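The data block below is entry26.cif; it holds mmCIF, C-alpha atoms.
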```cif
data_entry
#
loop_
_atom_site.group_PDB
_atom_site.id
_atom_site.type_symbol
_atom_site.label_atom_id
_atom_site.label_comp_id
_atom_site.auth_asym_id
_atom_site.auth_seq_id
_atom_site.Cartn_x
_atom_site.Cartn_y
_atom_site.Cartn_z
ATOM 1 C CA MET A 244 -7.699 -26.012 3.479
ATOM 2 C CA ASN A 245 -9.684 -22.788 3.872
ATOM 3 C CA LYS A 246 -13.241 -21.824 2.932
ATOM 4 C CA TYR A 247 -12.217 -21.440 -0.732
ATOM 5 C CA ASN A 248 -10.657 -24.958 -0.820
ATOM 6 C CA ALA A 249 -7.151 -23.520 -1.141
ATOM 7 C CA ARG A 250 -4.316 -25.666 0.197
ATOM 8 C CA ARG A 251 -1.330 -24.016 1.824
ATOM 9 C CA THR A 252 1.809 -24.867 -0.125
ATOM 10 C CA VAL A 253 5.476 -24.408 0.796
ATOM 11 C CA VAL A 254 8.082 -23.452 -1.847
ATOM 12 C CA ASP A 255 11.643 -22.357 -1.018
ATOM 13 C CA GLY A 256 10.682 -22.389 2.662
ATOM 14 C CA ILE A 257 7.870 -19.879 2.028
ATOM 15 C CA THR A 258 4.265 -20.797 2.840
ATOM 16 C CA PHE A 259 1.749 -19.687 0.221
ATOM 17 C CA ALA A 260 -2.019 -19.515 0.695
ATOM 18 C CA SER A 261 -2.688 -21.812 -2.282
ATOM 19 C CA LYS A 262 -1.061 -24.108 -4.817
ATOM 20 C CA GLY A 263 -1.858 -21.555 -7.516
ATOM 21 C CA GLU A 264 -0.095 -18.732 -5.686
ATOM 22 C CA ALA A 265 2.926 -20.993 -5.103
ATOM 23 C CA GLU A 266 3.013 -21.876 -8.812
ATOM 24 C CA ARG A 267 2.840 -18.184 -9.756
ATOM 25 C CA TYR A 268 5.800 -17.565 -7.425
ATOM 26 C CA ARG A 269 7.774 -20.264 -9.276
ATOM 27 C CA GLN A 270 6.928 -18.624 -12.614
ATOM 28 C CA LEU A 271 7.984 -15.186 -11.382
ATOM 29 C CA LYS A 272 11.247 -16.581 -9.959
ATOM 30 C CA LEU A 273 12.035 -18.069 -13.387
ATOM 31 C CA LEU A 274 11.238 -14.758 -15.087
ATOM 32 C CA GLU A 275 13.493 -12.953 -12.612
ATOM 33 C CA TYR A 276 16.291 -15.496 -13.107
ATOM 34 C CA GLY A 277 15.963 -15.052 -16.880
ATOM 35 C CA GLY A 278 16.147 -11.265 -16.604
ATOM 36 C CA ARG A 279 12.590 -10.612 -17.842
ATOM 37 C CA ILE A 280 11.545 -9.047 -14.517
ATOM 38 C CA SER A 281 13.504 -7.714 -11.535
ATOM 39 C CA ASP A 282 13.161 -6.758 -7.875
ATOM 40 C CA LEU A 283 10.600 -9.436 -6.970
ATOM 41 C CA VAL A 284 9.052 -8.759 -3.542
ATOM 42 C CA LEU A 285 6.607 -11.027 -1.725
ATOM 43 C CA GLN A 286 3.690 -9.651 0.276
ATOM 44 C CA PRO A 287 4.349 -5.918 -0.291
ATOM 45 C CA LYS A 288 2.239 -3.679 1.928
ATOM 46 C CA PHE A 289 0.630 -0.439 0.737
ATOM 47 C CA VAL A 290 -1.162 2.261 2.720
ATOM 48 C CA ILE A 291 -4.445 3.095 1.006
ATOM 49 C CA GLN A 292 -5.746 5.411 3.728
ATOM 50 C CA GLU A 293 -3.766 7.119 6.460
ATOM 51 C CA PRO A 294 -4.914 6.873 10.088
ATOM 52 C CA PHE A 295 -6.937 9.894 11.200
ATOM 53 C CA ILE A 296 -8.876 11.497 14.020
ATOM 54 C CA ASP A 297 -12.460 12.373 13.127
ATOM 55 C CA GLY A 298 -14.434 15.462 14.120
ATOM 56 C CA CYS A 299 -15.483 13.835 17.418
ATOM 57 C CA GLY A 300 -11.872 13.108 18.393
ATOM 58 C CA ILE A 301 -12.100 9.379 17.680
ATOM 59 C CA ARG A 302 -8.955 7.779 16.260
ATOM 60 C CA HIS A 303 -9.335 5.553 13.206
ATOM 61 C CA ARG A 304 -6.667 3.123 12.058
ATOM 62 C CA GLY A 305 -5.276 3.386 8.565
ATOM 63 C CA ILE A 306 -6.249 0.942 5.856
ATOM 64 C CA THR A 307 -3.560 -1.155 4.207
ATOM 65 C CA TYR A 308 -3.511 -3.521 1.267
ATOM 66 C CA ARG A 309 -1.104 -6.447 1.100
ATOM 67 C CA ALA A 310 -0.569 -7.815 -2.394
ATOM 68 C CA ASP A 311 0.960 -11.184 -3.238
ATOM 69 C CA PHE A 312 3.816 -9.946 -5.434
ATOM 70 C CA GLN A 313 5.564 -6.788 -6.582
ATOM 71 C CA TYR A 314 8.190 -6.586 -9.330
ATOM 72 C CA VAL A 315 9.558 -4.415 -12.115
ATOM 73 C CA ASP A 316 8.609 -5.380 -15.680
ATOM 74 C CA ARG A 317 10.151 -3.325 -18.513
ATOM 75 C CA GLY A 318 10.592 -0.334 -16.203
ATOM 76 C CA ASN A 319 7.055 -0.466 -14.800
ATOM 77 C CA LEU A 320 6.281 -1.256 -11.175
ATOM 78 C CA VAL A 321 3.807 -4.139 -11.153
ATOM 79 C CA VAL A 322 1.682 -5.205 -8.194
ATOM 80 C CA GLU A 323 0.053 -8.589 -8.596
ATOM 81 C CA ASP A 324 -2.505 -10.555 -6.650
ATOM 82 C CA PHE A 325 -3.341 -14.209 -7.246
ATOM 83 C CA LYS A 326 -7.073 -14.648 -6.742
ATOM 84 C CA GLY A 327 -9.320 -17.650 -7.145
ATOM 85 C CA GLN A 328 -12.233 -15.727 -5.632
ATOM 86 C CA GLN A 329 -12.623 -11.938 -5.526
ATOM 87 C CA THR A 330 -14.307 -10.953 -2.272
ATOM 88 C CA GLU A 331 -16.170 -7.687 -1.798
ATOM 89 C CA VAL A 332 -13.431 -6.484 0.581
ATOM 90 C CA PHE A 333 -10.795 -7.231 -2.075
ATOM 91 C CA LYS A 334 -12.770 -5.351 -4.735
ATOM 92 C CA LEU A 335 -13.081 -2.294 -2.480
ATOM 93 C CA LYS A 336 -9.399 -2.312 -1.500
ATOM 94 C CA MET A 337 -8.424 -2.767 -5.157
ATOM 95 C CA LYS A 338 -10.402 0.356 -6.135
ATOM 96 C CA LEU A 339 -8.827 2.375 -3.328
ATOM 97 C CA PHE A 340 -5.386 1.068 -4.340
ATOM 98 C CA LEU A 341 -5.930 1.931 -8.017
ATOM 99 C CA TYR A 342 -7.034 5.445 -7.093
ATOM 100 C CA ARG A 343 -4.051 6.115 -4.838
ATOM 101 C CA TYR A 344 -1.324 4.352 -6.857
ATOM 102 C CA ARG A 345 -2.206 5.366 -10.401
ATOM 103 C CA ASN A 346 1.346 4.924 -11.696
ATOM 104 C CA VAL A 347 1.460 1.237 -10.710
ATOM 105 C CA VAL A 348 0.413 -1.566 -13.050
ATOM 106 C CA PHE A 349 -2.055 -3.783 -11.165
ATOM 107 C CA ARG A 350 -2.564 -7.387 -12.252
ATOM 108 C CA ILE A 351 -4.894 -10.088 -11.016
ATOM 109 C CA THR A 352 -3.833 -13.622 -11.914
ATOM 110 C CA LYS A 353 -5.782 -16.861 -11.557
#
```
Show this structure as structure tokens.
Amino acid sequence: MNKYNARRTVVDGITFASKGEAERYRQLKLLEYGGRISDLVLQPKFVIQEPFIDGCGIRHRGITYRADFQYVDRGNLVVEDFKGQQTEVFKLKMKLFLYRYRNVVFRITK
């Protein structure tokens, strides 16, 4: 259990951060099996800021965002995150993601 009282749960040999996220995975697998969605990907990683060297010559690492799920729904690329609690870091990364990937449908599920 973590600080948000989430219990790690294993489904299909995959460990999920919470029971809710594992249940959402089951739902998405059923939707994919039924042909309602396609190309389900777990833990897709997106670059939201490239690494750079600042004016003083200091290197800064890039910033990435790792969602819970990615899939295609009626021709639209959907990125989904299962959240019980939205942290300030998540809110900031979500805004940066939305700005950079404007053609992606972003969903938060609970």
Apply the PyMOL selection byres ((chain A and resi 318) around 12) to the structure shown and report the selected residues as an NGL selection string. :A and (279-282 or 314-317 or 319-321 or 346-348)
What is the atom CA of Glu275 of chain A-atom CA of Phe333 of chain A distance in Å, reported with one decimal? 27.1 Å
Nearby residues (all atoms listed in the file) at most 10 Å from Gln286 of chain A, same-chain spacing under 4 positions excluded, as an MDAnalysis selection string: chainID A and resid 308:313 322:324
Please indicate the distance in Å from atom CA of Tyr342 of chain A to atom CA of Gly263 of chain A, rounded to one decimal place.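 Atom-to-atom, atom CA of Tyr342 of chain A and atom CA of Gly263 of chain A are spaced 27.5 Å apart.
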Neighbour list for Ala265 of chain A as a PDB file with C-alpha atoms, keeping the file's coordinate frame, cut-off 8 Å, all atoms listed in the file, skip fewer than 3 positions in-chain:
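The resulting file, around_3.pdb, is shown below:
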```
ATOM      1  CA  THR A 252       1.809 -24.867  -0.125  1.00  0.00           C
ATOM      2  CA  VAL A 253       5.476 -24.408   0.796  1.00  0.00           C
ATOM      3  CA  VAL A 254       8.082 -23.452  -1.847  1.00  0.00           C
ATOM      4  CA  PHE A 259       1.749 -19.687   0.221  1.00  0.00           C
ATOM      5  CA  ALA A 260      -2.019 -19.515   0.695  1.00  0.00           C
ATOM      6  CA  SER A 261      -2.688 -21.812  -2.282  1.00  0.00           C
ATOM      7  CA  LYS A 262      -1.061 -24.108  -4.817  1.00  0.00           C
ATOM      8  CA  TYR A 268       5.800 -17.565  -7.425  1.00  0.00           C
ATOM      9  CA  ARG A 269       7.774 -20.264  -9.276  1.00  0.00           C
TER      10      ARG A 269
END
```
Provide the atom CA of Arg267 of chain A to atom CA of Phe325 of chain A distance in Å, to one decimal place.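 Taking atom CA of Arg267 of chain A as the start and atom CA of Phe325 of chain A as the end point, the length is 7.8 Å.
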So, with all atoms listed in the file as the atoms that count, which of A:Ile351, A:Ile296, A:Leu274, A:Ile291 lies closest to Lys338 of chain A?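 Looking at the shortest contact to Lys338 of chain A, the residue is A:Ile291.
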Shell of 9 Å around Gly305 of chain A, only C-alpha atoms, local chain residues under 3 positions omitted, as a count of residues only: 6
Would you please work out which residue, of A:Ile301, A:Ile257, A:Val284, A:Ile306, is nearest to Lys336 of chain A when using only C-alpha atoms?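 Using only C-alpha atoms, Lys336 of chain A sits closest to A:Ile306.
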Could you put an axis-aligned box around every listed atom of segment 254-263 of chain A, padded by 8 Å on each side, and send me its centre and edge lengths in Å to one decimal, as JSON?
```
{"center_x": 4.5, "center_y": -21.8, "center_z": -2.3, "size_x": 30.3, "size_y": 20.6, "size_z": 26.4}
```
